[in-house]
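Below is my_file.txt, holding compact mmCIF, C-alpha atoms.
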# COMPACT_ATOMS: atom_id res chain seq x y z
CA MET K 1 73.22 163.28 54.95
CA GLU K 2 75.67 160.37 55.35
CA GLN K 3 73.57 159.15 58.28
CA TYR K 4 70.35 159.49 56.29
CA HIS K 5 71.84 157.39 53.46
CA ALA K 6 73.07 154.72 55.86
CA GLN K 7 69.59 154.64 57.41
CA LEU K 8 67.91 154.25 53.99
CA ASP K 9 70.39 151.47 53.05
CA GLY K 10 69.42 149.56 56.21
CA VAL K 11 65.69 150.18 55.85
CA PHE K 12 65.60 148.82 52.28
CA GLN K 13 68.12 146.01 52.95
CA ALA K 14 65.79 144.79 55.73
CA LEU K 15 62.95 144.45 53.20
CA ALA K 16 65.02 142.51 50.65
CA ASP K 17 64.30 139.14 52.32
CA PRO K 18 61.07 137.07 52.39
CA THR K 19 61.52 135.93 56.04
CA ARG K 20 61.91 139.51 57.26
CA ARG K 21 58.92 140.69 55.22
CA ALA K 22 56.84 137.81 56.64
CA VAL K 23 57.88 138.78 60.20
CA LEU K 24 56.76 142.37 59.54
CA GLY K 25 53.47 141.06 58.13
CA ARG K 26 52.89 138.98 61.28
CA LEU K 27 53.85 141.88 63.60
CA GLY K 28 51.50 144.15 61.68
CA GLN K 29 48.72 142.13 63.32
CA GLY K 30 50.12 142.70 66.83
CA PRO K 31 53.21 142.04 69.02
CA ALA K 32 54.61 138.49 69.30
CA SER K 33 57.38 136.63 71.11
CA ILE K 34 60.51 135.48 69.25
CA SER K 35 59.51 131.79 69.53
CA GLU K 36 56.02 132.52 68.19
CA LEU K 37 57.52 134.50 65.30
CA ALA K 38 60.13 131.82 64.51
CA ARG K 39 57.63 128.90 64.45
CA PRO K 40 56.46 129.07 60.78
CA PHE K 41 60.00 129.22 59.35
CA GLY K 42 61.64 125.96 60.51
CA MET K 43 64.93 127.86 60.79
CA ALA K 44 67.71 127.46 63.40
CA LEU K 45 67.19 130.07 66.13
CA PRO K 46 70.58 131.83 65.58
CA SER K 47 69.73 132.32 61.89
CA PHE K 48 66.28 133.63 62.79
CA MET K 49 67.79 135.99 65.39
CA LYS K 50 69.99 137.55 62.68
CA HIS K 51 66.81 138.57 60.86
CA ILE K 52 65.33 139.97 64.08
CA HIS K 53 68.51 141.99 64.81
CA LEU K 54 68.53 143.38 61.27
CA LEU K 55 64.87 144.44 61.58
CA GLU K 56 65.57 146.06 64.96
CA GLU K 57 68.75 147.86 63.87
CA SER K 58 67.07 149.28 60.77
CA GLY K 59 64.15 150.63 62.80
CA TRP K 60 61.39 148.29 61.56
CA ILE K 61 60.72 146.68 64.95
CA ARG K 62 61.45 147.18 68.64
CA THR K 63 62.01 144.33 71.10
CA HIS K 64 61.51 144.13 74.84
CA LYS K 65 62.65 141.36 77.21
CA GLU K 66 60.61 140.36 80.23
CA GLY K 67 62.00 137.39 82.17
CA ARG K 68 63.02 134.85 79.54
CA VAL K 69 60.65 136.06 76.84
CA ARG K 70 61.61 138.67 74.24
CA THR K 71 58.59 140.30 72.60
CA CYS K 72 58.75 142.12 69.25
CA ALA K 73 56.49 144.90 68.01
CA ILE K 74 56.32 146.87 64.80
CA GLU K 75 57.84 150.39 64.63
CA THR K 76 56.44 152.97 62.21
CA ARG K 77 59.72 154.93 61.94
CA ALA K 78 61.18 152.91 59.05
CA PHE K 79 57.80 152.87 57.31
CA VAL K 80 57.67 156.68 57.45
CA THR K 81 61.24 156.87 56.06
CA VAL K 82 60.38 154.63 53.09
CA GLN K 83 57.14 156.46 52.41
CA ALA K 84 58.97 159.82 52.46
CA TRP K 85 61.59 158.58 50.00
CA LEU K 86 58.91 157.24 47.63
CA SER K 87 56.95 160.50 47.81
CA GLU K 88 60.13 162.42 46.93
CA GLN K 89 60.62 160.22 43.86
CA ARG K 90 57.01 160.57 42.85
CA ALA K 91 57.27 164.37 43.15
CA LEU K 92 60.26 164.32 40.76
CA TRP K 93 58.35 162.30 38.13
CA GLU K 94 55.15 164.26 38.53
CA GLY K 95 57.05 167.54 38.30
CA ARG K 96 58.46 166.24 35.05
CA THR K 97 55.04 165.17 33.79
CA ASP K 98 53.64 168.60 34.70
CA ARG K 99 56.45 170.34 32.80
CA LEU K 100 55.87 168.03 29.84
CA GLU K 101 52.11 168.75 29.84
CA HIS K 102 52.84 172.46 30.05
CA PHE K 103 55.12 172.12 27.03
CA VAL K 104 52.52 170.14 25.07
CA ILE K 105 49.79 172.70 25.82
CA GLN K 106 52.07 175.62 24.87
CA THR K 107 53.08 173.90 21.64
CA LYS K 108 49.44 173.20 20.78
CA ASP K 109 48.51 176.86 21.34
CA GLN K 110 51.15 178.13 18.96
CA PRO K 111 49.96 178.99 15.46
CA ARG K 112 51.45 176.69 12.81
CA MET G 1 54.18 133.40 44.96
CA GLU G 2 57.87 132.37 44.76
CA GLN G 3 58.27 134.66 41.78
CA TYR G 4 56.54 137.54 43.58
CA HIS G 5 58.94 137.13 46.54
CA ALA G 6 62.00 137.02 44.28
CA GLN G 7 60.73 140.17 42.56
CA LEU G 8 60.24 141.97 45.90
CA ASP G 9 63.73 140.88 47.05
CA GLY G 10 65.23 142.44 43.92
CA VAL G 11 63.15 145.60 44.07
CA PHE G 12 64.17 146.36 47.67
CA GLN G 13 67.78 145.19 47.20
CA ALA G 14 68.09 147.72 44.37
CA LEU G 15 67.11 150.53 46.75
CA ALA G 16 69.61 149.51 49.46
CA ASP G 17 72.46 151.49 47.90
CA PRO G 18 73.04 155.28 47.71
CA THR G 19 74.43 155.21 44.14
CA ARG G 20 71.39 153.36 42.83
CA ARG G 21 69.00 155.68 44.68
CA ALA G 22 70.85 158.70 43.26
CA VAL G 23 70.56 157.25 39.72
CA LEU G 24 66.80 156.82 40.20
CA GLY G 25 66.58 160.40 41.51
CA ARG G 26 68.40 161.65 38.40
CA LEU G 27 66.26 159.56 36.02
CA GLY G 28 63.14 160.84 37.77
CA GLN G 29 63.95 164.13 36.05
CA GLY G 30 64.18 162.54 32.60
CA PRO G 31 66.14 159.91 30.58
CA ALA G 32 69.95 160.08 30.50
CA SER G 33 72.87 158.26 28.87
CA ILE G 34 75.09 155.94 30.93
CA SER G 35 78.07 158.32 30.72
CA GLU G 36 75.91 161.26 31.86
CA LEU G 37 74.58 159.18 34.75
CA ALA G 38 78.04 157.93 35.77
CA ARG G 39 79.69 161.39 35.77
CA PRO G 40 78.88 162.50 39.37
CA PHE G 41 80.10 159.26 40.97
CA GLY G 42 83.80 159.06 40.02
CA MET G 43 83.43 155.28 39.82
CA ALA G 44 85.05 152.81 37.36
CA LEU G 45 82.58 152.13 34.53
CA PRO G 46 82.34 148.34 35.18
CA SER G 47 81.35 149.04 38.83
CA PHE G 48 78.80 151.62 37.71
CA MET G 49 77.39 149.19 35.12
CA LYS G 50 76.73 146.63 37.88
CA HIS G 51 74.42 149.20 39.50
CA ILE G 52 72.71 149.85 36.16
CA HIS G 53 72.19 146.11 35.53
CA LEU G 54 70.74 145.64 39.01
CA LEU G 55 68.31 148.53 38.49
CA GLU G 56 67.28 147.13 35.10
CA GLU G 57 66.88 143.51 36.29
CA SER G 58 64.75 144.58 39.26
CA GLY G 59 62.43 146.62 37.05
CA TRP G 60 63.38 150.13 38.22
CA ILE G 61 64.76 151.29 34.86
CA ARG G 62 64.77 150.31 31.19
CA THR G 63 67.71 150.89 28.86
CA HIS G 64 67.90 151.32 25.12
CA LYS G 65 71.00 151.33 22.91
CA GLU G 66 71.24 153.51 19.83
CA GLY G 67 74.59 153.41 18.04
CA ARG G 68 77.20 153.57 20.82
CA VAL G 69 75.01 155.35 23.34
CA ARG G 70 72.88 153.49 25.89
CA THR G 71 70.09 155.61 27.33
CA CYS G 72 68.33 154.83 30.62
CA ALA G 73 64.80 155.78 31.64
CA ILE G 74 62.76 155.23 34.80
CA GLU G 75 60.18 152.42 34.93
CA THR G 76 57.15 152.72 37.18
CA ARG G 77 56.68 148.93 37.55
CA ALA G 78 58.98 148.52 40.59
CA PHE G 79 57.55 151.68 42.15
CA VAL G 80 54.03 150.23 41.89
CA THR G 81 55.24 146.93 43.43
CA VAL G 82 56.79 148.72 46.42
CA GLN G 83 53.76 150.96 46.89
CA ALA G 84 51.43 147.91 46.82
CA TRP G 85 53.51 146.10 49.44
CA LEU G 86 53.54 149.17 51.71
CA SER G 87 49.77 149.62 51.34
CA GLU G 88 49.27 145.97 52.31
CA GLN G 89 51.35 146.52 55.48
CA ARG G 90 49.51 149.72 56.30
CA ALA G 91 46.14 147.93 55.91
CA LEU G 92 47.29 145.30 58.45
CA TRP G 93 48.26 147.96 61.04
CA GLU G 94 45.21 150.09 60.43
CA GLY G 95 42.93 147.05 60.69
CA ARG G 96 44.55 146.42 64.05
CA THR G 97 44.17 150.05 65.16
CA ASP G 98 40.50 149.95 64.13
CA ARG G 99 39.94 146.78 66.16
CA LEU G 100 41.73 148.36 69.13
CA GLU G 101 39.63 151.53 68.92
CA HIS G 102 36.49 149.42 68.71
CA PHE G 103 37.61 147.58 71.87
CA VAL G 104 38.36 150.84 73.72
CA ILE G 105 34.98 152.31 72.80
CA GLN G 106 33.15 149.14 73.83
CA THR G 107 35.03 148.99 77.14
CA LYS G 108 34.26 152.66 77.85
CA ASP G 109 30.54 152.09 77.20
CA GLN G 110 30.30 149.26 79.69
CA PRO G 111 28.97 150.20 83.16
CA ARG G 112 31.63 149.81 85.90

Is it possible to express this structure as structure tokens?
Amino acid sequence: MEQYHAQLDGVFQALADPTRRAVLGRLGQGPASISELARPFGMALPSFMKHIHLLEESGWIRTHKEGRVRTCAIETRAFVTVQAWLSEQRALWEGRTDRLEHFVIQTKDQPR
Amino acid sequence: MEQYHAQLDGVFQALADPTRRAVLGRLGQGPASISELARPFGMALPSFMKHIHLLEESGWIRTHKEGRVRTCAIETRAFVTVQAWLSEQRALWEGRTDRLEHFVIQTKDQPR
């Protein structure tokens, strides 16, 4: 459970930054090298690499080095984790709405 | 666009903490007062209030004070924002998968 919470913290923290979301958007269209990914941001490479590491550690991307080129690709693991958490929340609300509807219907049916 | 990014930053930042996720889970079952919400966490009230403010500012909850009691309730606005962002990402990947499938089918059909 501790591990699951730490994973969720990382997964959501990774999304709380426009550069990291833009990188995910770009990688959604296919793998790319670090230099290709960094180009639109006009950011020093060490700063950009921090974003890449955070995305990799949290399970949003995987990277692979061949010669001097590191290529990044999207991972669906973090996506599945987020989607599962959201579905859980939705189930809670909908369960509540269902119970509320049930109550309203029962109340309506009662003679006054 | 700037405003949209700032909103997304806040929405995801709010989820990157186990206390805040637990509060949302509790509020998913129905509104609750601050003291009721704080009870399970054994946290100083000012620290807990920081979590509540962050959830309110990012659009995950709304609060309402009546007399001395502040009640919190879930908001669906942030949920809709997150779901829209995820759907956008999914559309990018699926578009890519479709194009890849199309390529595989075309390649298979070609005489060798």

Name all residues at most 12 Å from range 62-64 of chain G (count all atoms listed in the file; drop same-chain ones fewer than 2 positions away) and give them as a list of chain:residue names. G:Leu24, G:Leu27, G:Pro31, G:Ala32, G:Ser33, G:Ile34, G:Met49, G:Ile52, G:His53, G:Leu54, G:Leu55, G:Glu56, G:Glu57, G:Ser58, G:Gly59, G:Trp60, G:Glu66, G:Gly67, G:Arg68, G:Val69, G:Arg70, G:Thr71, G:Cys72, G:Ala73, G:Ile74, G:Glu75, G:Thr76, G:Arg77, G:Ala78

Please produce a file of the residues just selected, as a PDB file, in the coordinates of the input, where the atoms kept are C-alpha atoms.
ATOM      1  CA  LEU G  24      66.800 156.820  40.200  1.00  0.00           C
ATOM      2  CA  LEU G  27      66.260 159.560  36.020  1.00  0.00           C
ATOM      3  CA  PRO G  31      66.140 159.910  30.580  1.00  0.00           C
ATOM      4  CA  ALA G  32      69.950 160.080  30.500  1.00  0.00           C
ATOM      5  CA  SER G  33      72.870 158.260  28.870  1.00  0.00           C
ATOM      6  CA  ILE G  34      75.090 155.940  30.930  1.00  0.00           C
ATOM      7  CA  MET G  49      77.390 149.190  35.120  1.00  0.00           C
ATOM      8  CA  ILE G  52      72.710 149.850  36.160  1.00  0.00           C
ATOM      9  CA  HIS G  53      72.190 146.110  35.530  1.00  0.00           C
ATOM     10  CA  LEU G  54      70.740 145.640  39.010  1.00  0.00           C
ATOM     11  CA  LEU G  55      68.310 148.530  38.490  1.00  0.00           C
ATOM     12  CA  GLU G  56      67.280 147.130  35.100  1.00  0.00           C
ATOM     13  CA  GLU G  57      66.880 143.510  36.290  1.00  0.00           C
ATOM     14  CA  SER G  58      64.750 144.580  39.260  1.00  0.00           C
ATOM     15  CA  GLY G  59      62.430 146.620  37.050  1.00  0.00           C
ATOM     16  CA  TRP G  60      63.380 150.130  38.220  1.00  0.00           C
ATOM     17  CA  GLU G  66      71.240 153.510  19.830  1.00  0.00           C
ATOM     18  CA  GLY G  67      74.590 153.410  18.040  1.00  0.00           C
ATOM     19  CA  ARG G  68      77.200 153.570  20.820  1.00  0.00           C
ATOM     20  CA  VAL G  69      75.010 155.350  23.340  1.00  0.00           C
ATOM     21  CA  ARG G  70      72.880 153.490  25.890  1.00  0.00           C
ATOM     22  CA  THR G  71      70.090 155.610  27.330  1.00  0.00           C
ATOM     23  CA  CYS G  72      68.330 154.830  30.620  1.00  0.00           C
ATOM     24  CA  ALA G  73      64.800 155.780  31.640  1.00  0.00           C
ATOM     25  CA  ILE G  74      62.760 155.230  34.800  1.00  0.00           C
ATOM     26  CA  GLU G  75      60.180 152.420  34.930  1.00  0.00           C
ATOM     27  CA  THR G  76      57.150 152.720  37.180  1.00  0.00           C
ATOM     28  CA  ARG G  77      56.680 148.930  37.550  1.00  0.00           C
ATOM     29  CA  ALA G  78      58.980 148.520  40.590  1.00  0.00           C
TER      30      ALA G  78
END

Out of G:Gly30, G:Ala14, G:Arg96, G:Lys65, which residue has the shortest atom-to-atom distance to Lys50 in chain G when counting all atoms listed in the file? G:Ala14

Could you state the separation of CA of Leu92 in chain K and CA of Arg26 in chain G in Å, given to one decimal place?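 Interatomic distance, CA of Leu92 in chain K to CA of Arg26 in chain G: 8.9 Å.
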
Only residues of chain G matter here; which ones have an atom within 7 Å of chain K, counting all atoms listed in the file? Give them as a list of chain:residue names. G:His5, G:Leu8, G:Asp9, G:Gly10, G:Phe12, G:Gln13, G:Leu15, G:Ala16, G:Asp17, G:Pro18, G:Gly25, G:Gly28, G:Gln29, G:Gln89, G:Leu92, G:Trp93, G:Arg96

Once chain G is superposed on chain K with a least-squares fit on all C-alpha pairs taken in order, can you show it as a compact mmCIF listing (two decimals) with C-alpha atoms, in the coordinates of the input?
# COMPACT_ATOMS: atom_id res chain seq x y z
CA MET G 1 73.34 163.31 55.06
CA GLU G 2 75.76 160.36 55.45
CA GLN G 3 73.68 159.14 58.37
CA TYR G 4 70.44 159.52 56.39
CA HIS G 5 71.92 157.41 53.56
CA ALA G 6 73.14 154.71 55.95
CA GLN G 7 69.67 154.65 57.50
CA LEU G 8 67.99 154.28 54.08
CA ASP G 9 70.45 151.50 53.12
CA GLY G 10 69.47 149.58 56.26
CA VAL G 11 65.75 150.20 55.91
CA PHE G 12 65.65 148.87 52.33
CA GLN G 13 68.14 146.06 53.00
CA ALA G 14 65.82 144.82 55.75
CA LEU G 15 62.97 144.52 53.23
CA ALA G 16 65.04 142.58 50.67
CA ASP G 17 64.30 139.22 52.28
CA PRO G 18 61.06 137.16 52.36
CA THR G 19 61.51 136.01 55.99
CA ARG G 20 61.91 139.57 57.23
CA ARG G 21 58.92 140.77 55.20
CA ALA G 22 56.83 137.89 56.59
CA VAL G 23 57.87 138.83 60.16
CA LEU G 24 56.77 142.44 59.53
CA GLY G 25 53.47 141.16 58.09
CA ARG G 26 52.91 139.07 61.23
CA LEU G 27 53.84 141.93 63.59
CA GLY G 28 51.50 144.22 61.66
CA GLN G 29 48.74 142.20 63.30
CA GLY G 30 50.11 142.71 66.81
CA PRO G 31 53.20 142.03 69.00
CA ALA G 32 54.58 138.48 69.24
CA SER G 33 57.33 136.59 71.06
CA ILE G 34 60.45 135.44 69.18
CA SER G 35 59.46 131.76 69.43
CA GLU G 36 55.96 132.52 68.10
CA LEU G 37 57.47 134.51 65.23
CA ALA G 38 60.06 131.82 64.40
CA ARG G 39 57.56 128.91 64.35
CA PRO G 40 56.40 129.12 60.68
CA PHE G 41 59.93 129.27 59.25
CA GLY G 42 61.55 125.99 60.37
CA MET G 43 64.85 127.86 60.68
CA ALA G 44 67.64 127.44 63.30
CA LEU G 45 67.12 130.04 66.04
CA PRO G 46 70.52 131.77 65.51
CA SER G 47 69.67 132.30 61.80
CA PHE G 48 66.23 133.62 62.72
CA MET G 49 67.75 135.96 65.33
CA LYS G 50 69.97 137.53 62.64
CA HIS G 51 66.77 138.56 60.83
CA ILE G 52 65.32 139.95 64.07
CA HIS G 53 68.50 141.95 64.80
CA LEU G 54 68.52 143.38 61.28
CA LEU G 55 64.87 144.44 61.60
CA GLU G 56 65.57 146.04 64.99
CA GLU G 57 68.78 147.83 63.91
CA SER G 58 67.09 149.27 60.81
CA GLY G 59 64.18 150.63 62.85
CA TRP G 60 61.41 148.31 61.60
CA ILE G 61 60.74 146.67 64.97
CA ARG G 62 61.46 147.15 68.67
CA THR G 63 62.00 144.28 71.10
CA HIS G 64 61.49 144.03 74.83
CA LYS G 65 62.62 141.25 77.17
CA GLU G 66 60.57 140.23 80.18
CA GLY G 67 61.92 137.25 82.12
CA ARG G 68 62.97 134.73 79.45
CA VAL G 69 60.58 135.95 76.77
CA ARG G 70 61.55 138.58 74.20
CA THR G 71 58.56 140.24 72.57
CA CYS G 72 58.73 142.08 69.23
CA ALA G 73 56.49 144.90 68.03
CA ILE G 74 56.33 146.91 64.81
CA GLU G 75 57.87 150.40 64.66
CA THR G 76 56.49 152.99 62.28
CA ARG G 77 59.78 154.94 62.02
CA ALA G 78 61.23 152.93 59.10
CA PHE G 79 57.85 152.92 57.37
CA VAL G 80 57.74 156.73 57.53
CA THR G 81 61.32 156.92 56.16
CA VAL G 82 60.46 154.70 53.18
CA GLN G 83 57.21 156.56 52.50
CA ALA G 84 59.06 159.92 52.57
CA TRP G 85 61.68 158.68 50.11
CA LEU G 86 59.00 157.36 47.74
CA SER G 87 57.06 160.63 47.93
CA GLU G 88 60.24 162.54 47.07
CA GLN G 89 60.73 160.34 43.97
CA ARG G 90 57.11 160.71 42.96
CA ALA G 91 57.37 164.52 43.27
CA LEU G 92 60.36 164.47 40.87
CA TRP G 93 58.45 162.44 38.24
CA GLU G 94 55.24 164.38 38.64
CA GLY G 95 57.12 167.69 38.39
CA ARG G 96 58.51 166.38 35.13
CA THR G 97 55.09 165.23 33.87
CA ASP G 98 53.66 168.65 34.75
CA ARG G 99 56.43 170.40 32.81
CA LEU G 100 55.85 168.04 29.86
CA GLU G 101 52.10 168.69 29.87
CA HIS G 102 52.76 172.42 30.02
CA PHE G 103 55.05 172.06 26.98
CA VAL G 104 52.46 170.01 25.05
CA ILE G 105 49.71 172.53 25.77
CA GLN G 106 51.92 175.46 24.77
CA THR G 107 52.98 173.72 21.56
CA LYS G 108 49.35 172.92 20.68
CA ASP G 109 48.34 176.57 21.19
CA GLN G 110 50.96 177.87 18.80
CA PRO G 111 49.74 178.62 15.24
CA ARG G 112 51.30 176.27 12.63

Can you tell me how far CA of Met1 in chain G sits from CA of Ala22 in chain K, in Å to one decimal? 12.8 Å

Quick one: 4 Å padding each side, axis-aligned, all listed atoms of range 65-72 of chain G - centre and edge lengths in Å to one decimal, as JSON?
{"center_x": 72.8, "center_y": 153.5, "center_z": 24.3, "size_x": 16.9, "size_y": 12.3, "size_z": 20.6}

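Here CA of Val80 in chain K is placed at a distance of 16.1 Å from CA of Gln3 in chain K.
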
Write a file for range 68-87 of chain G of the given structure; include C-alpha atoms and format it as a CSV table (one decimal), in the first residue's frame.
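Listing of result_23.csv after writing:
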chain,number,residue,atom,x,y,z
G,68,ARG,CA,-18.3,27.8,13.0
G,69,VAL,CA,-18.4,24.7,10.8
G,70,ARG,CA,-16.8,24.6,7.4
G,71,THR,CA,-18.2,21.8,5.2
G,72,CYS,CA,-16.3,20.4,2.1
G,73,ALA,CA,-17.8,18.7,-0.9
G,74,ILE,CA,-16.3,17.2,-4.1
G,75,GLU,CA,-16.3,19.2,-7.3
G,76,THR,CA,-16.4,17.4,-10.7
G,77,ARG,CA,-14.6,20.3,-12.5
G,78,ALA,CA,-11.0,19.1,-11.9
G,79,PHE,CA,-12.1,15.5,-12.6
G,80,VAL,CA,-13.4,16.5,-16.0
G,81,THR,CA,-10.2,18.4,-16.7
G,82,VAL,CA,-8.0,15.4,-15.9
G,83,GLN,CA,-10.2,13.1,-17.9
G,84,ALA,CA,-10.1,15.4,-20.9
G,85,TRP,CA,-6.3,15.5,-20.8
G,86,LEU,CA,-6.0,11.7,-20.6
G,87,SER,CA,-8.5,11.3,-23.5
